[in-house]
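Raw contents of query.txt, compact mmCIF, C-alpha atoms (C1' of nucleotides):
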# COMPACT_ATOMS: atom_id res chain seq x y z
CA MET A 1 81.90 7.83 153.85
CA SER A 2 82.99 8.57 150.35
CA PRO A 3 86.58 9.70 150.77
CA ARG A 4 86.10 12.19 148.01
CA SER A 5 88.49 14.64 149.58
CA LYS A 6 91.56 12.91 148.31
CA LYS A 7 91.94 12.51 144.61
CA PRO A 8 91.93 15.65 142.53
CA PRO A 9 95.52 16.81 141.92
CA MET A 10 96.04 20.46 142.59
CA SER A 11 96.90 22.98 139.94
CA LYS A 12 97.54 26.67 139.69
CA ASP A 13 93.87 27.23 139.04
CA SER A 14 92.75 25.32 142.07
CA LEU A 15 95.36 26.96 144.27
CA LEU A 16 94.90 30.60 143.30
CA PRO A 17 91.51 31.11 145.00
CA LEU A 18 92.87 29.64 148.23
CA LEU A 19 95.98 31.78 148.02
CA MET A 20 93.84 34.83 147.35
CA ALA A 21 91.79 34.11 150.44
CA HIS A 22 94.97 33.93 152.48
CA VAL A 23 96.41 37.24 151.28
CA LEU A 24 93.03 38.90 151.74
CA ALA A 25 93.12 37.80 155.34
CA HIS A 26 96.80 38.30 156.14
CA GLY A 27 98.22 40.70 153.58
CA LEU A 28 100.65 40.40 150.75
CA GLY A 29 103.64 41.75 152.61
CA GLN A 30 103.74 39.01 155.22
CA ALA A 31 102.94 36.27 152.74
CA SER A 32 105.75 33.74 152.89
CA LEU A 33 105.64 30.35 151.30
CA ARG A 34 104.98 28.14 154.30
CA PRO A 35 102.03 30.06 155.80
CA LEU A 36 100.66 30.56 152.31
CA ALA A 37 100.90 26.83 151.64
CA LYS A 38 99.34 25.95 154.96
CA GLY A 39 96.42 28.24 154.20
CA ALA A 40 95.95 26.47 150.89
CA GLY A 41 96.34 23.01 152.35
CA THR A 42 99.67 22.22 150.73
CA SER A 43 103.36 22.60 151.31
CA ASP A 44 105.86 25.22 150.24
CA ARG A 45 107.37 22.43 148.17
CA MET A 46 104.25 22.21 146.02
CA LEU A 47 103.88 25.96 145.61
CA ILE A 48 107.34 26.15 144.11
CA TYR A 49 106.53 23.05 142.06
CA HIS A 50 103.48 24.69 140.51
CA PHE A 51 104.64 28.31 140.22
CA GLY A 52 108.36 27.88 139.90
CA THR A 53 109.22 30.88 142.03
CA LYS A 54 107.66 32.92 144.76
CA GLU A 55 107.89 35.98 142.58
CA GLN A 56 106.01 34.19 139.82
CA LEU A 57 103.44 33.03 142.35
CA VAL A 58 102.83 36.63 143.36
CA VAL A 59 102.56 37.72 139.75
CA ASP A 60 100.06 34.98 138.97
CA LEU A 61 98.16 35.70 142.14
CA LEU A 62 97.86 39.42 141.40
CA SER A 63 96.66 38.67 137.91
CA HIS A 64 94.07 36.28 139.33
CA ILE A 65 92.94 38.87 141.84
CA ALA A 66 92.47 41.40 139.05
CA GLN A 67 90.33 38.89 137.16
CA VAL A 68 88.19 38.21 140.21
CA TYR A 69 87.77 41.93 140.71
CA ALA A 70 86.67 42.37 137.12
CA ALA A 71 84.15 39.56 137.43
CA MET A 72 82.88 41.11 140.63
CA LEU A 73 82.26 44.42 138.88
CA GLU A 74 80.49 42.69 136.00
CA GLY A 75 78.25 41.02 138.51
CA VAL A 76 77.35 44.31 140.13
CA ILE A 77 76.49 45.85 136.77
CA ALA A 78 73.82 43.28 136.16
CA GLY A 79 71.58 43.72 139.14
CA GLN A 80 71.61 47.46 139.51
CA ASP A 81 69.69 50.41 138.14
CA ARG A 82 71.63 53.44 137.02
CA PRO A 83 71.60 56.36 139.41
CA THR A 84 70.10 59.57 138.13
CA THR A 85 72.71 62.03 139.35
CA ARG A 86 76.45 62.08 139.84
CA GLU A 87 75.94 62.72 143.54
CA ALA A 88 73.81 59.61 143.92
CA LEU A 89 76.44 57.58 142.08
CA VAL A 90 79.22 58.85 144.35
CA GLU A 91 77.14 58.16 147.42
CA ARG A 92 76.37 54.64 146.30
CA ILE A 93 79.99 53.81 145.55
CA LEU A 94 81.21 55.21 148.84
CA ALA A 95 78.61 53.14 150.64
CA GLN A 96 79.73 50.01 148.80
CA ASN A 97 83.39 50.66 149.51
CA GLY A 98 82.70 51.43 153.13
CA ASP A 99 81.01 48.07 153.62
CA PRO A 100 83.01 46.08 156.19
CA ALA A 101 82.99 43.14 153.79
CA MET A 102 85.08 45.24 151.43
CA GLN A 103 87.71 46.05 154.02
CA PRO A 104 90.05 43.10 153.38
CA PHE A 105 90.03 43.92 149.72
CA MET A 106 90.75 47.57 150.46
CA HIS A 107 93.74 46.63 152.62
CA LEU A 108 95.04 44.49 149.80
CA TRP A 109 94.44 47.30 147.36
CA TRP A 110 96.75 49.68 149.19
CA GLU A 111 99.46 47.09 149.27
CA ILE A 112 99.07 46.73 145.53
CA VAL A 113 99.30 50.50 145.07
CA ALA A 114 102.45 50.62 147.20
CA GLY A 115 103.99 47.77 145.24
CA SER A 116 103.01 49.44 142.00
CA ALA A 117 104.65 52.70 143.06
CA ARG A 118 107.84 50.79 143.90
CA GLY A 119 107.71 48.92 140.61
CA LEU A 120 107.50 45.42 142.07
CA PRO A 121 106.91 42.86 139.30
CA GLY A 122 103.25 42.29 138.53
CA PHE A 123 101.89 44.99 140.77
CA ARG A 124 101.50 47.80 138.28
CA GLU A 125 99.92 45.47 135.74
CA ALA A 126 97.35 44.24 138.24
CA ALA A 127 96.61 47.74 139.49
CA ARG A 128 96.23 49.09 135.99
CA ALA A 129 93.91 46.25 135.03
CA MET A 130 91.67 46.87 138.00
CA VAL A 131 91.51 50.63 137.42
CA ASP A 132 90.79 50.01 133.74
CA GLU A 133 87.92 47.79 134.73
CA LEU A 134 86.67 50.33 137.22
CA VAL A 135 86.70 53.22 134.78
CA VAL A 136 84.61 51.42 132.16
CA TRP A 137 82.25 50.30 134.91
CA LEU A 138 81.99 53.90 136.07
CA GLU A 139 81.27 55.11 132.55
CA GLY A 140 78.49 52.59 132.33
CA GLN A 141 77.08 53.79 135.62
CA MET A 142 77.08 57.48 134.76
CA PRO A 143 73.60 59.00 134.83
CA ALA A 144 71.68 58.88 131.58
CA GLY A 145 72.02 62.20 129.83
CA ASP A 146 75.20 63.16 131.62
CA PRO A 147 76.89 65.86 129.54
CA ASP A 148 80.35 64.20 129.63
CA PRO A 149 80.22 60.54 130.69
CA ALA A 150 83.83 59.78 129.80
CA GLY A 151 85.42 62.79 131.46
CA GLY A 152 82.93 62.70 134.28
CA ALA A 153 83.71 59.07 135.04
CA ARG A 154 87.42 59.91 135.30
CA TYR A 155 86.62 62.88 137.47
CA LEU A 156 84.53 60.78 139.83
CA LEU A 157 87.18 58.06 139.79
CA THR A 158 89.78 60.55 140.94
CA VAL A 159 87.56 61.94 143.66
CA ILE A 160 86.52 58.52 144.89
CA GLU A 161 90.06 57.17 145.06
CA GLY A 162 91.14 60.26 146.95
CA THR A 163 88.31 59.71 149.37
CA MET A 164 89.24 56.08 149.91
CA MET A 165 92.85 57.01 150.57
CA LEU A 166 91.91 59.63 153.11
CA ALA A 167 89.60 57.12 154.75
CA ALA A 168 92.45 54.63 154.93
CA VAL A 169 94.54 57.06 156.95
CA GLY A 170 91.70 58.07 159.25
CA HIS A 171 90.65 61.23 157.44
CA GLY A 172 87.34 60.07 156.06
CA ASP A 173 85.69 63.06 157.67
CA ALA A 174 87.89 65.56 155.82
CA ALA A 175 87.16 63.75 152.58
CA ARG A 176 83.39 63.93 153.13
CA GLU A 177 83.63 67.65 153.90
CA GLY A 178 85.60 68.04 150.72
CA LEU A 179 83.00 66.19 148.68
CA LEU A 180 80.28 68.37 150.16
CA ALA A 181 82.23 71.52 149.36
CA GLY A 182 82.79 70.22 145.84
CA GLY A 183 79.10 69.60 145.32
CA LEU A 184 79.67 65.88 144.93
CA LEU A 185 77.50 64.77 147.81
CA PRO A 186 73.91 65.73 148.51
CA SER A 187 73.77 67.79 151.69
CA MET B 1 144.73 64.61 160.06
CA SER B 2 142.42 65.55 162.85
CA PRO B 3 140.60 62.29 163.57
CA ARG B 4 137.40 64.14 164.13
CA SER B 5 135.27 61.35 162.76
CA LYS B 6 135.33 59.34 165.93
CA LYS B 7 133.93 60.91 169.04
CA PRO B 8 130.26 61.84 169.05
CA PRO B 9 128.18 58.99 170.53
CA MET B 10 125.13 58.16 168.49
CA SER B 11 121.61 58.69 169.70
CA LYS B 12 118.10 58.24 168.40
CA ASP B 13 118.18 61.78 167.10
CA SER B 14 121.40 61.32 165.21
CA LEU B 15 120.28 57.97 163.80
CA LEU B 16 116.79 58.87 162.62
CA PRO B 17 117.85 61.04 159.66
CA LEU B 18 120.18 58.32 158.42
CA LEU B 19 117.49 55.68 158.84
CA MET B 20 115.03 57.91 157.00
CA ALA B 21 117.43 58.24 154.10
CA HIS B 22 117.69 54.48 153.95
CA VAL B 23 113.96 53.81 153.89
CA LEU B 24 113.47 56.57 151.34
CA ALA B 25 115.93 54.77 149.11
CA HIS B 26 114.96 51.17 149.79
CA GLY B 27 111.48 51.14 151.20
CA LEU B 28 109.97 50.34 154.56
CA GLY B 29 108.89 46.83 153.71
CA GLN B 30 112.36 45.49 153.04
CA ALA B 31 113.91 47.36 155.94
CA SER B 32 115.56 44.79 158.18
CA LEU B 33 117.91 45.61 160.97
CA ARG B 34 121.25 44.78 159.44
CA PRO B 35 120.86 46.68 156.14
CA LEU B 36 119.28 49.54 158.05
CA ALA B 37 122.21 49.62 160.44
CA LYS B 38 124.74 49.44 157.65
CA GLY B 39 123.08 52.40 155.94
CA ALA B 40 123.34 54.35 159.16
CA GLY B 41 126.91 53.29 159.86
CA THR B 42 126.13 51.13 162.87
CA SER B 43 125.21 47.60 163.76
CA ASP B 44 121.89 45.91 164.37
CA ARG B 45 123.12 45.54 167.92
CA MET B 46 123.11 49.32 168.41
CA LEU B 47 119.75 49.86 166.76
CA ILE B 48 118.17 47.53 169.28
CA TYR B 49 120.21 49.21 172.02
CA HIS B 50 118.81 52.63 171.16
CA PHE B 51 115.26 51.76 170.13
CA GLY B 52 114.63 48.63 172.14
CA THR B 53 112.72 46.87 169.40
CA LYS B 54 112.44 46.96 165.66
CA GLU B 55 108.77 47.82 165.99
CA GLN B 56 109.63 50.78 168.20
CA LEU B 57 112.29 51.83 165.72
CA VAL B 58 109.70 51.91 162.96
CA VAL B 59 107.29 53.86 165.14
CA ASP B 60 109.94 56.43 166.02
CA LEU B 61 111.08 56.59 162.43
CA LEU B 62 107.57 57.23 161.10
CA SER B 63 107.06 59.95 163.66
CA HIS B 64 110.35 61.53 162.63
CA ILE B 65 109.40 61.36 158.97
CA ALA B 66 106.12 63.12 159.73
CA GLN B 67 108.04 65.89 161.50
CA VAL B 68 110.42 66.31 158.59
CA TYR B 69 107.46 66.45 156.23
CA ALA B 70 105.82 69.16 158.35
CA ALA B 71 109.02 71.19 158.42
CA MET B 72 109.29 70.80 154.67
CA LEU B 73 105.80 72.20 154.18
CA GLU B 74 106.54 75.11 156.51
CA GLY B 75 109.58 75.85 154.42
CA VAL B 76 107.58 75.91 151.24
CA ILE B 77 105.06 78.31 152.74
CA ALA B 78 107.71 80.92 153.33
CA GLY B 79 109.07 81.46 149.86
CA GLN B 80 105.91 81.28 147.81
CA ASP B 81 103.19 83.66 146.67
CA ARG B 82 99.61 82.49 146.91
CA PRO B 83 98.05 81.41 143.65
CA THR B 84 95.06 83.39 142.48
CA THR B 85 92.79 80.51 141.45
CA ARG B 86 92.07 77.00 142.59
CA GLU B 87 93.17 75.67 139.23
CA ALA B 88 96.54 77.35 139.54
CA LEU B 89 96.93 75.90 143.03
CA VAL B 90 96.12 72.38 141.82
CA GLU B 91 98.49 72.74 138.91
CA ARG B 92 101.31 73.93 141.13
CA ILE B 93 100.88 71.08 143.62
CA LEU B 94 100.73 68.46 140.91
CA ALA B 95 103.90 69.87 139.41
CA GLN B 96 105.62 69.72 142.81
CA ASN B 97 104.47 66.18 143.48
CA GLY B 98 105.47 65.06 140.02
CA ASP B 99 109.01 66.30 140.52
CA PRO B 100 111.35 63.29 140.32
CA ALA B 101 112.94 64.43 143.56
CA MET B 102 109.61 63.73 145.26
CA GLN B 103 109.38 60.19 143.98
CA PRO B 104 111.17 58.43 146.85
CA PHE B 105 108.92 60.19 149.28
CA MET B 106 105.85 59.22 147.28
CA HIS B 107 106.88 55.57 147.28
CA LEU B 108 107.29 55.75 151.02
CA TRP B 109 103.94 57.46 151.33
CA TRP B 110 102.07 54.59 149.72
CA GLU B 111 103.75 52.14 152.03
CA ILE B 112 102.60 54.27 154.93
CA VAL B 113 99.06 54.31 153.57
CA ALA B 114 99.08 50.53 153.18
CA GLY B 115 100.41 50.09 156.71
CA SER B 116 97.82 52.51 158.01
CA ALA B 117 95.03 50.59 156.32
CA ARG B 118 96.31 47.36 157.89
CA GLY B 119 96.61 49.03 161.29
CA LEU B 120 100.34 48.48 161.74
CA PRO B 121 101.59 50.29 164.85
CA GLY B 122 102.62 53.88 164.22
CA PHE B 123 101.50 54.04 160.62
CA ARG B 124 98.09 55.61 161.04
CA GLU B 125 99.43 58.17 163.46
CA ALA B 126 102.15 59.24 161.06
CA ALA B 127 99.79 59.32 158.10
CA ARG B 128 97.23 61.34 160.02
CA ALA B 129 99.87 63.81 161.15
CA MET B 130 101.07 64.36 157.62
CA VAL B 131 97.58 64.82 156.20
CA ASP B 132 96.76 67.20 159.04
CA GLU B 133 99.79 69.24 158.15
CA LEU B 134 98.89 69.16 154.48
CA VAL B 135 95.34 70.32 155.01
CA VAL B 136 96.31 73.40 157.02
CA TRP B 137 99.00 74.15 154.46
CA LEU B 138 96.38 73.86 151.73
CA GLU B 139 94.01 76.17 153.57
CA GLY B 140 96.79 78.74 153.77
CA GLN B 141 97.45 78.39 150.08
CA MET B 142 93.84 78.84 148.98
CA PRO B 143 93.38 81.87 146.76
CA ALA B 144 92.56 85.11 148.54
CA GLY B 145 88.83 85.69 148.45
CA ASP B 146 87.99 82.03 147.94
CA PRO B 147 84.35 81.57 148.95
CA ASP B 148 85.04 78.48 151.11
CA PRO B 149 88.72 78.04 151.99
CA ALA B 150 88.17 75.28 154.56
CA GLY B 151 85.84 73.12 152.48
CA GLY B 152 87.68 73.97 149.31
CA ALA B 153 91.01 72.88 150.79
CA ARG B 154 89.52 69.51 151.71
CA TYR B 155 87.99 69.20 148.29
CA LEU B 156 91.31 69.89 146.60
CA LEU B 157 93.05 67.57 149.04
CA THR B 158 90.75 64.74 148.02
CA VAL B 159 91.18 65.41 144.34
CA ILE B 160 94.94 65.70 144.58
CA GLU B 161 95.34 62.50 146.57
CA GLY B 162 93.18 60.67 144.08
CA THR B 163 95.33 62.01 141.28
CA MET B 164 98.51 60.90 143.00
CA MET B 165 97.13 57.42 143.55
CA LEU B 166 96.12 57.05 139.94
CA ALA B 167 99.54 58.28 138.90
CA ALA B 168 101.13 55.68 141.16
CA VAL B 169 99.35 52.88 139.29
CA GLY B 170 100.09 54.29 135.85
CA HIS B 171 96.79 56.10 135.31
CA GLY B 172 98.02 59.65 135.57
CA ASP B 173 96.44 60.35 132.20
CA ALA B 174 92.96 59.33 133.34
CA ALA B 175 93.38 61.52 136.40
CA ARG B 176 94.33 64.55 134.32
CA GLU B 177 91.33 64.00 132.07
CA GLY B 178 89.20 63.81 135.16
CA LEU B 179 90.58 67.04 136.53
CA LEU B 180 89.94 68.75 133.23
CA ALA B 181 86.38 67.44 133.15
CA GLY B 182 85.94 68.61 136.72
CA GLY B 183 87.12 72.11 135.89
CA LEU B 184 90.09 71.77 138.19
CA LEU B 185 92.76 72.28 135.61
CA PRO B 186 93.07 75.11 133.07
CA SER B 187 92.62 73.70 129.60
C1' DA C 1 142.68 55.11 193.03
C1' DA C 2 138.54 52.63 192.93
C1' DG C 3 134.56 51.85 191.21
C1' DC C 4 130.55 52.44 188.11
C1' DG C 5 127.65 53.07 184.13
C1' DC C 6 127.29 54.28 179.35
C1' DA C 7 128.32 53.06 174.63
C1' DC C 8 129.91 49.95 171.84
C1' DG C 9 132.08 45.22 169.41
C1' DT C 10 131.94 40.20 168.78
C1' DA C 11 129.48 35.95 168.59
C1' DG C 12 125.93 33.57 168.50
C1' DC C 13 120.95 31.76 169.06
C1' DA C 14 116.54 29.90 167.48
C1' DA C 15 113.35 30.84 163.96
C1' DT C 16 112.17 31.57 159.38
C1' DC C 17 113.25 32.56 154.52
C1' DG C 18 113.10 30.71 149.44
C1' DC C 19 114.47 26.76 147.37
C1' DT C 20 116.46 21.96 146.26
C1' DA C 21 117.83 16.97 146.44
C1' DC C 22 115.96 12.68 146.79
C1' DA C 23 112.66 9.13 147.29
C1' DT C 24 108.11 7.31 146.02
C1' DA C 25 103.32 6.24 144.96
C1' DT C 26 100.38 6.16 141.09
C1' DG C 27 98.50 5.60 136.86
C1' DG C 28 98.36 5.49 131.79
C1' DG C 29 100.68 4.15 127.30
C1' DA C 30 103.90 0.80 124.81
C1' DT D 1 104.26 -6.20 131.86
C1' DC D 2 107.35 -2.69 131.65
C1' DC D 3 108.20 2.13 131.80
C1' DC D 4 108.02 6.64 132.47
C1' DA D 5 106.00 11.16 133.52
C1' DT D 6 103.25 13.45 137.07
C1' DA D 7 102.32 14.67 141.69
C1' DT D 8 103.66 14.46 146.10
C1' DG D 9 106.27 13.73 150.97
C1' DT D 10 110.56 14.24 153.77
C1' DA D 11 114.84 16.52 154.81
C1' DG D 12 117.63 19.71 154.56
C1' DC D 13 120.59 23.69 152.69
C1' DG D 14 122.59 28.31 153.20
C1' DA D 15 121.05 32.85 154.07
C1' DT D 16 118.62 36.16 156.79
C1' DT D 17 115.50 37.39 160.53
C1' DG D 18 115.06 39.93 165.32
C1' DC D 19 117.35 39.71 169.36
C1' DT D 20 120.69 38.42 173.35
C1' DA D 21 124.86 37.11 176.20
C1' DC D 22 129.14 38.63 177.25
C1' DG D 23 133.00 41.39 177.32
C1' DT D 24 135.49 45.97 177.24
C1' DG D 25 137.16 50.58 176.92
C1' DC D 26 136.29 55.14 178.55
C1' DG D 27 134.87 58.96 181.23
C1' DC D 28 132.98 60.48 185.49
C1' DT D 29 132.20 60.53 190.33
C1' DT D 30 133.64 59.60 195.06
I need this file expressed as structure tokens, please.
Amino acid sequence: MSPRSKKPPMSKDSLLPLLMAHVLAHGLGQASLRPLAKGAGTSDRMLIYHFGTKEQLVVDLLSHIAQVYAAMLEGVIAGQDRPTTREALVERILAQNGDPAMQPFMHLWWEIVAGSARGLPGFREAARAMVDELVVWLEGQMPAGDPDPAGGARYLLTVIEGTMMLAAVGHGDAAREGLLAGGLLPS
Amino acid sequence: MSPRSKKPPMSKDSLLPLLMAHVLAHGLGQASLRPLAKGAGTSDRMLIYHFGTKEQLVVDLLSHIAQVYAAMLEGVIAGQDRPTTREALVERILAQNGDPAMQPFMHLWWEIVAGSARGLPGFREAARAMVDELVVWLEGQMPAGDPDPAGGARYLLTVIEGTMMLAAVGHGDAAREGLLAGGLLPS
DNA sequence: AAGCGCACGTAGCAATCGCTACATATGGGA
DNA sequence: TCCCATATGTAGCGATTGCTACGTGCGCTT
């Protein structure tokens, strides 16, 4: 009965999660105002009203996505024991990233990387923020007693990102063979 | 005087290099028919005439780019001595990829990766072809007497791609620190 | 000479793009 | 009560999108 679904005026903050859901599902490249608005239950008119410009909308959206990503990592830190070896850590991360639930985010990630490489406004900032977050998370996850947690975390970061890229282009097998040959996966 | 600039009828083969130059300069994402045609000295009308569809044009173009990339690698093989250590090989490749002349190709590469992740038609095939080419090239470049050229090539491939991705998002420094920590770069 | 098909130009179509002009309902402060 | 800012709907603008209809010159075959 209660027609509660009417009142609250929308704002950037209430729109961003809905917009994020839409780009996760359909991609950033094909995101034009009207489909975006429809996905968020508004009109293109209101998106421009709240964000001023599509470009600004994308910038705000990327920043919001980076924040959500950071919060997600913080959440994972809490409920998890530290692995005891680098190989176990790599294996765990690859398993997490390979989870089908992560796929939409991975697709979005490569669009962000491409935009960052091209210098599109907001992309490099968002990408940098997420990698920053990931590297401190990785340092915190390094095995206790690791001889070089800082350098090792950056090493694993590099290897893991390379693996994800190869997986994205259908060469996950080559990447796994590489990790085995590099002693980064338990045989 | 001789009005030689008129006769030869255009074909897919004569158009593809010009189209490639255009996407290298301006990106795949923003490539619409009319700018593309202008860059190649034709009209949108003729692009559709020769390729049938924009989607088919992109597919053919990606395939052509992969071929050019393969030929480029073959060319590099010829005039180069094999490095004597894995570290030297990594260093040489990073130097090549960091060359400003490679930047347009790198930008294009990340767009291809993003398209491949999203499953856009033709992207995964092109990406796979290029990585295939790269991995055999890498195997051929592995130092003489390397204990595991096949696995090692895939290991280096993974590490190098990770490094390039981090560089693309402004984290080239973290990648270099990681390579140092991983013993993959001479200190 | 008569036709015929390839290679192109010119014009335009419906759809979509980002964005704006204009009207209006609403609700709180003076 | 008056007033005015906020939040929204409706229409539409000019530009661009991929693509098509229609004509036409040109070379080749018959």
Determine which residues of chain B sit within 7 Å of chain A, taking into account only C-alpha atoms, and present them as a ChimeraX atom specification. /B:107,110-111,113-114,116-118,124,127-128,151-152,154-155,158-159,161-163,168-170,174-175,177-179,181-182
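As for CA of Pro143 (chain A) and CA of Val90 (chain A), they are spaced 11.1 Å apart.
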With only C-alpha atoms (C1' of nucleotides) counted and 10 Å as the cut-off, give the residues of chain A in contact with chain D, each with its shortest interatomic distance in Å and the pair that gives it, as a tab-separated table.
residue	atom	partner	partner_atom	distance
A:Pro9	CA	D:DA7	C1'	7.1
A:Met10	CA	D:DA7	C1'	8.6
A:Thr42	CA	D:DT8	C1'	9.9
A:Ser43	CA	D:DG9	C1'	9.3
A:Arg45	CA	D:DT8	C1'	9.0
A:Met46	CA	D:DT8	C1'	7.8
A:Tyr49	CA	D:DA7	C1'	9.4
Can you write out as a tab-separated table which residues of chain C fall within 10 Å of chain B, alongside each residue's closest atom pair and its distance in Å to one decimal, counting only C-alpha atoms (C1' of nucleotides) and ordering rows by chain and ascending residue number?
residue	atom	partner	partner_atom	distance
C:DA7	C1'	B:Pro9	CA	7.2
C:DC8	C1'	B:Met46	CA	7.6
C:DG9	C1'	B:Arg45	CA	9.1
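Taking CA of Pro186 (chain B) and CA of Ala95 (chain B) as the two end points, the separation is 13.6 Å.
As for CA of Leu18 (chain B) and CA of Ala40 (chain B), they are spaced 5.1 Å apart.
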Axis-aligned box over every listed atom of region 117-125 of chain B, padded by 5 Å per side: centre and edges in Å to one decimal, as JSON?
{"center_x": 98.8, "center_y": 52.8, "center_z": 160.6, "size_x": 17.6, "size_y": 20.8, "size_z": 18.5}
